[in-house]
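*Asks:* Right, I'll just put the structure down here and ask away after.
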Amino acid sequence: MERNDIILLLVSDGQEENYMETNYAKSAYRTFLFWGVCSSLGVTVSTLVDATLVGNFIGSTGLAVANIATPVFLLYLLMGITLGGGAGVLIGKKLGEADLKGANRVFGSVLSAGLITGVLFAAVSLVFRSALCSLLGATPELLPQALQYLTVVFAFAPIYVVYNILSIAVRTDGAPKLAAISSAGVIVTNLSLDLLFMKVLNWGLVGASASLCIAETVGTLILLTHFWNKQALLSFHFHIPTGNEIKEYVENGFGVGSAFIFQAVVMLVFNTMLLKENFENGTFSVAVFGVIYTMSTIPGAMFDGAGAAASTVISILGGEKDWKGMLAVYHDGLRIVAAAGMLMALFFAAGAKNILVFFGLNDGQALETATVAFRIYALSVALAGVNVVTTSFWQTIGKTRYASGLSVLRNFILMLVAGFLLIEKKGIVGLALVYVISEGICLLLVLAIQIFGKIKDYIKEKYSFTNRVFEEYYPIEEGSMEKMSQNLEGLCDEWELDFKQSFFIHLIVEELLLNIMKFGIGETDKKYYVSVKVMDNNGECILRIRDNVNSYNPFDLRGDEVDRAVMEMIKKKAKYYEYQRKLVFNYLYVTI
């Protein structure tokens with residue numbers, strides 16, 4: 001029995017959803033959500049720090065240059081998240097199927113693809129950096145400062161692309177906390193070097209870009225430590241990708257990754273439109289746009305983190321054919337981002353003027369207009385979360401056309417159409433209205449597709465089987481062992497299993513549960529659960545035990561002599577056995 005066959009043959013029993021069944025999926029999602037949001041906020045907070053310090057140390061001209069450079073960072077996110085996100089879906093599914101070899105092949109090839117892409121972009125952009133700065137909207141007055149800032153940024157392209165790929169892979173491999181730690185490393189390093197380079201050494205915009213790039217390098221190095229961990233299922237290596245593999249990564253990741261390139265194009269167009277005014281007012285408008293965009297990255301990072309966490313968990317659950325858990329994660333994500341979006345919108349609206357002043361924008365009457373614009377923009381924050389999480393959900397379940405279409409509409413077509421109609425007439429206020437219109441129309445579209453598109457029926461059909469299977473969930477507490485034995489006895493009678501199979505099913509489940517209770521339970525106030533899943537595969541029984549206790553491998557032969565002797569007998573008699581740590585659970589696979 002191959003590893004990837006084991007999960008594919010394990011299916012849900014078709015009974016009504018119960019608390020413990022969906023609790024596994026939700027608890028995994030919320031763990032990944034917390035650390036995923038922390039991780040996504042890393043680059044966001046670094047960008048915010050840069051914009052704040054540049055605005056206060058250099059002024060609105062420096063802030064305008066930083067905003068002109070933003071499309072470059074968005075392009076890096078496009079490359080890293082399109083490749084990494086698309087590969088991450090495949091890695092998650094293969095881990096869910098227990099196909100470690102396949103998951104590692106995908107990881108090695110996407111890592112190589114990202115490195116090659118970053119090196120090529122760095123080489124081309126450095127050769128044509130003057131033309132690229134002009135293309136990004138730098139006027140003759142801003143070109144010298146833009147060149148200073150972007151030359152460093154162009155040189156670090158490989159780091160930015162690889163960082164995003166590694167961050168997604170590390171989270172998918174069950175280490176979302178390390179990804180968050182790497183983001184914290186980016187924030188601390190960037191803030192420290194910003195103060196050193198701009199305040200102490202007076203390096204100006206070169207110092208701002210250098211600090212951000214060095215910080216990204218530190219974050220990358222922190223992520224690489226994951227592959228020294230013995231529990232890591234992925235190994236750090238390079239594998240030359242094929243054209244078909246790259247195509248598959250791009251197709252799977254385009255729905256989420258494309259948002260960044262569309263945002264880059266929209267920023268380029270909007271910056272150019274705002275700069276058509278005389279230089280002083282145009283520069284101020286671009287600076288206000290920079291504040292709106294920079295602040296939008298905070299809820300954006302939260303929603304992206306929620307979507308990325310959902311994608312990771314759903315992809316693994318999809319590999320396990322757990323369609324109920326997949327839907328539970330999606331619905332949980334929607335509730336969370338809807339509530340967070342409303343709170344963030346209220347905060348932005350109430351503190352609009354103070355936020356603008358915080359960035360160094362305090363030009364009298366122009367500030368009043370900017371405050372109105374920022375409050376209008378805040379309305380879009382309450383709507384955006386559902387659109388972001390739904391895009392990730394559609395991409396992960398295989399509805400890539402839906403995901404890509406929503407991304408194109410939300411981040412490109414609606415933005416440009418509304419921008420051309422409103423910015424010329426209403427300036428920065430019209431730009432703020434663009435965000436609200438785009439998010440509102442897309443939210444209505446999402447609701448229509450979810451209701452009339454039969455998404456639930458699609459998931460149920462694609463991610464479930466009809467094979468004969470038994471599955472039960474038990475709290476790890478007194479009395480559970482007796483109930484488990486009774487259920488297994490009934491199963492063996494119903495399936496008419498022979499004495500040998502019945503004996504070993506009882507022995508394995510009871511012994512593994514006893515070992516889990518002895519060595520895996522730590523916190524006494526936490527609720528621990530175990531899921532027992534058995535399938536009859538043409539006379540061959542497949543057993544999967546999943547629990548939420550501490551990371552613990554019973555095949556390590558801890559315990560007394562009796563424990564070790566029983567586990568040795570199980571290893572000898574089993575046709576296949578393996579322990580894995582995935583999501584926040586332990587998985588034990590035994591084929592009898």
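Ordering of the structure tokens sets the chain letters (A, B, ...), residue numbers begin anew at 1 in every chain, and ligands are numbered from 1 in the order given.
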Taking only C-alpha atoms into account, produce a table as a Markdown table in which each residue of segment 150-216 of chain A with an atom at most 12 Å from an atom of segment 96-106 of chain A appears once, together with its shortest atom pair and the distance in Å to one decimal, ordered by chain and rising number.
*Replies:*
| residue | atom | partner | partner_atom | distance |
| --- | --- | --- | --- | --- |
| A:Ile165 | CA | A:Val106 | CA | 11.6 |
| A:Ala169 | CA | A:Ala103 | CA | 10.1 |
| A:Thr172 | CA | A:Ala103 | CA | 10.5 |
| A:Asp173 | CA | A:Ala103 | CA | 9.8 |
| A:Gly174 | CA | A:Gly96 | CA | 11.8 |
*Asks:* Provide the atom CA of Phe420 of chain A to atom CA of Met79 of chain A distance in Å, to one decimal place.
*Replies:* 27.6 Å
*Asks:* I want to know what sits within 10 Å of segment 129-133 of chain A, based on only C-alpha atoms, with residues of the same chain fewer than 2 positions away left out; could you give that as JSON, numbers by chain?
*Replies:* {"A": [65, 68, 69, 72, 122, 123, 124, 125, 126, 127, 135, 136, 137, 138, 139, 142, 143, 144, 145, 146, 147, 149, 150, 151, 154]}
*Asks:* Show which residues sit within 7 Å of Thr371 of chain A, as an MDAnalysis selection string. Count only C-alpha atoms, and ignore same-chain residues fewer than 4 positions away.
*Replies:* chainID A and resid 352:353 367 375
*Asks:* Nearest residue to Leu497 of chain A out of A:Val509, A:Ala384, A:Leu588, A:Met535, using only C-alpha atoms?
*Replies:*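 Of the candidates, the smallest distance to Leu497 of chain A is held by A:Met535.
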*Asks:* Excluding Ala349 of chain A and residues on its chain fewer than 2 positions from it, collect all residues at most 10 Å away from it, counting only C-alpha atoms, and give them as a PyMOL selection string.
*Replies:* chain A and resi 344-347+351-353+355+371-379
*Asks:* Write a file of the selected residues as a short mmCIF file (atom, residue, chain, number, x, y, z; two decimals), in the first residue's frame, keeping all heavy atoms.
*Replies:*
data_model
loop_
_atom_site.label_atom_id
_atom_site.label_comp_id
_atom_site.auth_asym_id
_atom_site.auth_seq_id
_atom_site.Cartn_x
_atom_site.Cartn_y
_atom_site.Cartn_z
N MET A 344 -12.13 47.34 12.05
CA MET A 344 -11.08 48.14 11.43
C MET A 344 -11.66 49.36 10.72
O MET A 344 -11.08 50.46 10.75
CB MET A 344 -10.29 47.28 10.44
CG MET A 344 -9.43 46.22 11.09
SD MET A 344 -8.05 46.91 12.05
CE MET A 344 -7.09 47.66 10.74
N ALA A 345 -12.81 49.21 10.06
CA ALA A 345 -13.44 50.32 9.36
C ALA A 345 -13.82 51.44 10.34
O ALA A 345 -13.60 52.63 10.07
CB ALA A 345 -14.67 49.84 8.61
N LEU A 346 -14.37 51.07 11.48
CA LEU A 346 -14.73 52.06 12.49
C LEU A 346 -13.49 52.78 13.02
O LEU A 346 -13.51 54.00 13.23
CB LEU A 346 -15.48 51.37 13.64
CG LEU A 346 -16.90 50.88 13.32
CD1 LEU A 346 -17.45 50.06 14.49
CD2 LEU A 346 -17.83 52.04 13.00
N PHE A 347 -12.44 52.02 13.25
CA PHE A 347 -11.19 52.63 13.75
C PHE A 347 -10.62 53.62 12.74
O PHE A 347 -10.21 54.74 13.10
CB PHE A 347 -10.17 51.52 14.04
CG PHE A 347 -8.81 52.05 14.40
CD1 PHE A 347 -8.56 52.56 15.67
CD2 PHE A 347 -7.77 52.03 13.47
CE1 PHE A 347 -7.30 53.05 16.00
CE2 PHE A 347 -6.51 52.52 13.80
CZ PHE A 347 -6.28 53.03 15.07
N GLY A 351 -10.33 57.75 13.37
CA GLY A 351 -8.98 58.32 13.52
C GLY A 351 -8.37 58.84 12.24
O GLY A 351 -7.13 58.97 12.17
N ALA A 352 -9.18 59.15 11.24
CA ALA A 352 -8.67 59.52 9.91
C ALA A 352 -7.66 60.67 9.96
O ALA A 352 -6.55 60.56 9.44
CB ALA A 352 -9.83 59.86 8.99
N LYS A 353 -8.04 61.79 10.59
CA LYS A 353 -7.15 62.96 10.59
C LYS A 353 -5.86 62.66 11.34
O LYS A 353 -4.76 63.03 10.89
CB LYS A 353 -7.86 64.16 11.20
CG LYS A 353 -6.99 65.42 11.23
CD LYS A 353 -7.73 66.61 11.80
CE LYS A 353 -8.75 67.14 10.82
NZ LYS A 353 -9.35 68.43 11.27
N ILE A 355 -4.37 59.85 11.73
CA ILE A 355 -3.54 58.94 10.94
C ILE A 355 -2.75 59.72 9.89
O ILE A 355 -1.55 59.51 9.71
CB ILE A 355 -4.40 57.85 10.28
CG1 ILE A 355 -4.95 56.89 11.34
CG2 ILE A 355 -3.59 57.07 9.23
CD1 ILE A 355 -5.99 55.92 10.83
N THR A 371 -8.81 63.96 4.80
CA THR A 371 -9.52 63.29 5.89
C THR A 371 -10.85 62.72 5.40
O THR A 371 -11.22 61.58 5.72
CB THR A 371 -9.77 64.27 7.05
OG1 THR A 371 -8.51 64.75 7.52
CG2 THR A 371 -10.50 63.57 8.19
N VAL A 372 -11.58 63.51 4.59
CA VAL A 372 -12.84 63.03 4.02
C VAL A 372 -12.58 61.79 3.15
O VAL A 372 -13.31 60.79 3.22
CB VAL A 372 -13.51 64.13 3.19
CG1 VAL A 372 -14.73 63.58 2.44
CG2 VAL A 372 -13.94 65.29 4.09
N ALA A 373 -11.53 61.87 2.33
CA ALA A 373 -11.19 60.74 1.45
C ALA A 373 -10.87 59.48 2.26
O ALA A 373 -11.32 58.38 1.92
CB ALA A 373 -10.02 61.11 0.56
N PHE A 374 -10.12 59.66 3.33
CA PHE A 374 -9.73 58.50 4.12
C PHE A 374 -10.94 57.86 4.80
O PHE A 374 -11.02 56.63 4.92
CB PHE A 374 -8.69 58.90 5.17
CG PHE A 374 -7.94 57.75 5.76
CD1 PHE A 374 -6.82 57.24 5.14
CD2 PHE A 374 -8.38 57.15 6.93
CE1 PHE A 374 -6.13 56.15 5.67
CE2 PHE A 374 -7.72 56.07 7.47
CZ PHE A 374 -6.58 55.57 6.84
N ARG A 375 -11.88 58.67 5.24
CA ARG A 375 -13.08 58.11 5.88
C ARG A 375 -13.94 57.36 4.87
O ARG A 375 -14.56 56.35 5.21
CB ARG A 375 -13.86 59.24 6.54
CG ARG A 375 -13.22 59.71 7.85
CD ARG A 375 -13.91 60.91 8.42
NE ARG A 375 -13.31 61.27 9.72
CZ ARG A 375 -13.40 62.46 10.29
NH1 ARG A 375 -14.09 63.43 9.68
NH2 ARG A 375 -12.82 62.69 11.45
N ILE A 376 -14.01 57.86 3.66
CA ILE A 376 -14.76 57.14 2.62
C ILE A 376 -14.08 55.80 2.33
O ILE A 376 -14.75 54.76 2.23
CB ILE A 376 -14.85 57.99 1.34
CG1 ILE A 376 -15.73 59.21 1.58
CG2 ILE A 376 -15.41 57.16 0.18
CD1 ILE A 376 -15.73 60.20 0.44
N TYR A 377 -12.75 55.83 2.21
CA TYR A 377 -12.02 54.59 1.98
C TYR A 377 -12.30 53.55 3.06
O TYR A 377 -12.40 52.34 2.80
CB TYR A 377 -10.51 54.86 1.90
CG TYR A 377 -9.70 53.66 2.30
CD1 TYR A 377 -9.58 52.57 1.45
CD2 TYR A 377 -9.12 53.58 3.57
CE1 TYR A 377 -8.89 51.44 1.84
CE2 TYR A 377 -8.43 52.46 3.96
CZ TYR A 377 -8.31 51.39 3.10
OH TYR A 377 -7.65 50.27 3.49
N ALA A 378 -12.45 54.00 4.32
CA ALA A 378 -12.65 53.09 5.45
C ALA A 378 -13.86 52.18 5.24
O ALA A 378 -13.88 51.04 5.74
CB ALA A 378 -12.81 53.89 6.74
N LEU A 379 -14.87 52.64 4.50
CA LEU A 379 -16.05 51.81 4.25
C LEU A 379 -15.69 50.52 3.51
O LEU A 379 -16.29 49.47 3.74
CB LEU A 379 -17.08 52.59 3.44
CG LEU A 379 -17.71 53.82 4.11
CD1 LEU A 379 -18.62 54.56 3.13
CD2 LEU A 379 -18.50 53.41 5.35
#
*Asks:* Using 12 Å as the limit and counting only C-alpha atoms, can you tabulate each residue of segment 203-268 of chain A that touches segment 80-86 of chain A, with its shortest atom-to-atom distance in Å and the two atoms involved, as JSON lines?
*Replies:*
{"residue": "A:Pro241", "atom": "CA", "partner": "A:Leu83", "partner_atom": "CA", "distance": 11.6}
{"residue": "A:Glu245", "atom": "CA", "partner": "A:Gly86", "partner_atom": "CA", "distance": 10.1}
{"residue": "A:Ile246", "atom": "CA", "partner": "A:Leu83", "partner_atom": "CA", "distance": 7.6}
{"residue": "A:Lys247", "atom": "CA", "partner": "A:Leu83", "partner_atom": "CA", "distance": 9.3}
{"residue": "A:Glu248", "atom": "CA", "partner": "A:Gly86", "partner_atom": "CA", "distance": 7.3}
{"residue": "A:Tyr249", "atom": "CA", "partner": "A:Gly86", "partner_atom": "CA", "distance": 4.2}
{"residue": "A:Val250", "atom": "CA", "partner": "A:Thr82", "partner_atom": "CA", "distance": 5.7}
{"residue": "A:Glu251", "atom": "CA", "partner": "A:Gly86", "partner_atom": "CA", "distance": 6.9}
{"residue": "A:Asn252", "atom": "CA", "partner": "A:Gly86", "partner_atom": "CA", "distance": 4.3}
{"residue": "A:Gly253", "atom": "CA", "partner": "A:Gly86", "partner_atom": "CA", "distance": 3.7}
{"residue": "A:Phe254", "atom": "CA", "partner": "A:Thr82", "partner_atom": "CA", "distance": 5.3}
{"residue": "A:Gly255", "atom": "CA", "partner": "A:Thr82", "partner_atom": "CA", "distance": 8.0}
{"residue": "A:Val256", "atom": "CA", "partner": "A:Thr82", "partner_atom": "CA", "distance": 6.8}
{"residue": "A:Gly257", "atom": "CA", "partner": "A:Thr82", "partner_atom": "CA", "distance": 4.3}
{"residue": "A:Ser258", "atom": "CA", "partner": "A:Thr82", "partner_atom": "CA", "distance": 7.0}
{"residue": "A:Ala259", "atom": "CA", "partner": "A:Thr82", "partner_atom": "CA", "distance": 9.5}
{"residue": "A:Phe260", "atom": "CA", "partner": "A:Ile81", "partner_atom": "CA", "distance": 9.0}
{"residue": "A:Ile261", "atom": "CA", "partner": "A:Thr82", "partner_atom": "CA", "distance": 10.3}
*Asks:* Any idea what's packed within 12 Å of Phe358 of chain A, counting only C-alpha atoms, ignoring anything in its chain fewer than 3 positions away? Could you give it as a list of chain:residue names?
*Replies:*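 The residues that qualify are A:Leu48, A:Val49, A:Ala51, A:Thr52, A:Leu53, A:Val54, A:Gly55, A:Asn56, A:Gly59, A:Val288, A:Val291, A:Met295, A:Gly351, A:Ala352, A:Lys353, A:Asn354, A:Ile355, A:Leu361, A:Asn362, A:Leu367.
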*Asks:* Store the residues of this selection in a file with C-alpha atoms, as a PDB file, in the first residue's frame.
*Replies:*
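Saved the output as out35.pdb:
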ATOM      1  CA  LEU A  48       4.275  51.153   7.424  1.00  0.00           C
ATOM      2  CA  VAL A  49       7.446  51.871   9.397  1.00  0.00           C
ATOM      3  CA  ALA A  51       6.436  55.214   5.135  1.00  0.00           C
ATOM      4  CA  THR A  52       6.137  56.802   8.583  1.00  0.00           C
ATOM      5  CA  LEU A  53       9.847  57.456   8.990  1.00  0.00           C
ATOM      6  CA  VAL A  54      10.316  58.588   5.394  1.00  0.00           C
ATOM      7  CA  GLY A  55       7.365  60.973   5.702  1.00  0.00           C
ATOM      8  CA  ASN A  56       8.729  62.468   8.918  1.00  0.00           C
ATOM      9  CA  GLY A  59       8.845  64.837   3.861  1.00  0.00           C
ATOM     10  CA  VAL A 288      -2.214  60.919   0.543  1.00  0.00           C
ATOM     11  CA  VAL A 291      -1.072  56.783   3.187  1.00  0.00           C
ATOM     12  CA  MET A 295      -2.922  51.775   5.839  1.00  0.00           C
ATOM     13  CA  GLY A 351      -8.983  58.319  13.521  1.00  0.00           C
ATOM     14  CA  ALA A 352      -8.665  59.515   9.915  1.00  0.00           C
ATOM     15  CA  LYS A 353      -7.150  62.957  10.589  1.00  0.00           C
ATOM     16  CA  ASN A 354      -4.764  61.706  13.270  1.00  0.00           C
ATOM     17  CA  ILE A 355      -3.538  58.944  10.939  1.00  0.00           C
ATOM     18  CA  LEU A 361       0.664  65.348   6.239  1.00  0.00           C
ATOM     19  CA  ASN A 362      -0.679  68.486   7.923  1.00  0.00           C
ATOM     20  CA  LEU A 367      -5.660  67.907   5.085  1.00  0.00           C
TER      21      LEU A 367
END
*Asks:* Restricting the calculation to only C-alpha atoms: of A:Leu383, A:Ala328, A:Val530, A:Ile298, which residue gets closest to Leu447 of chain A?
*Replies:*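 Nearest candidate to Leu447 of chain A out of A:Leu383, A:Ala328, A:Val530, A:Ile298: A:Leu383.
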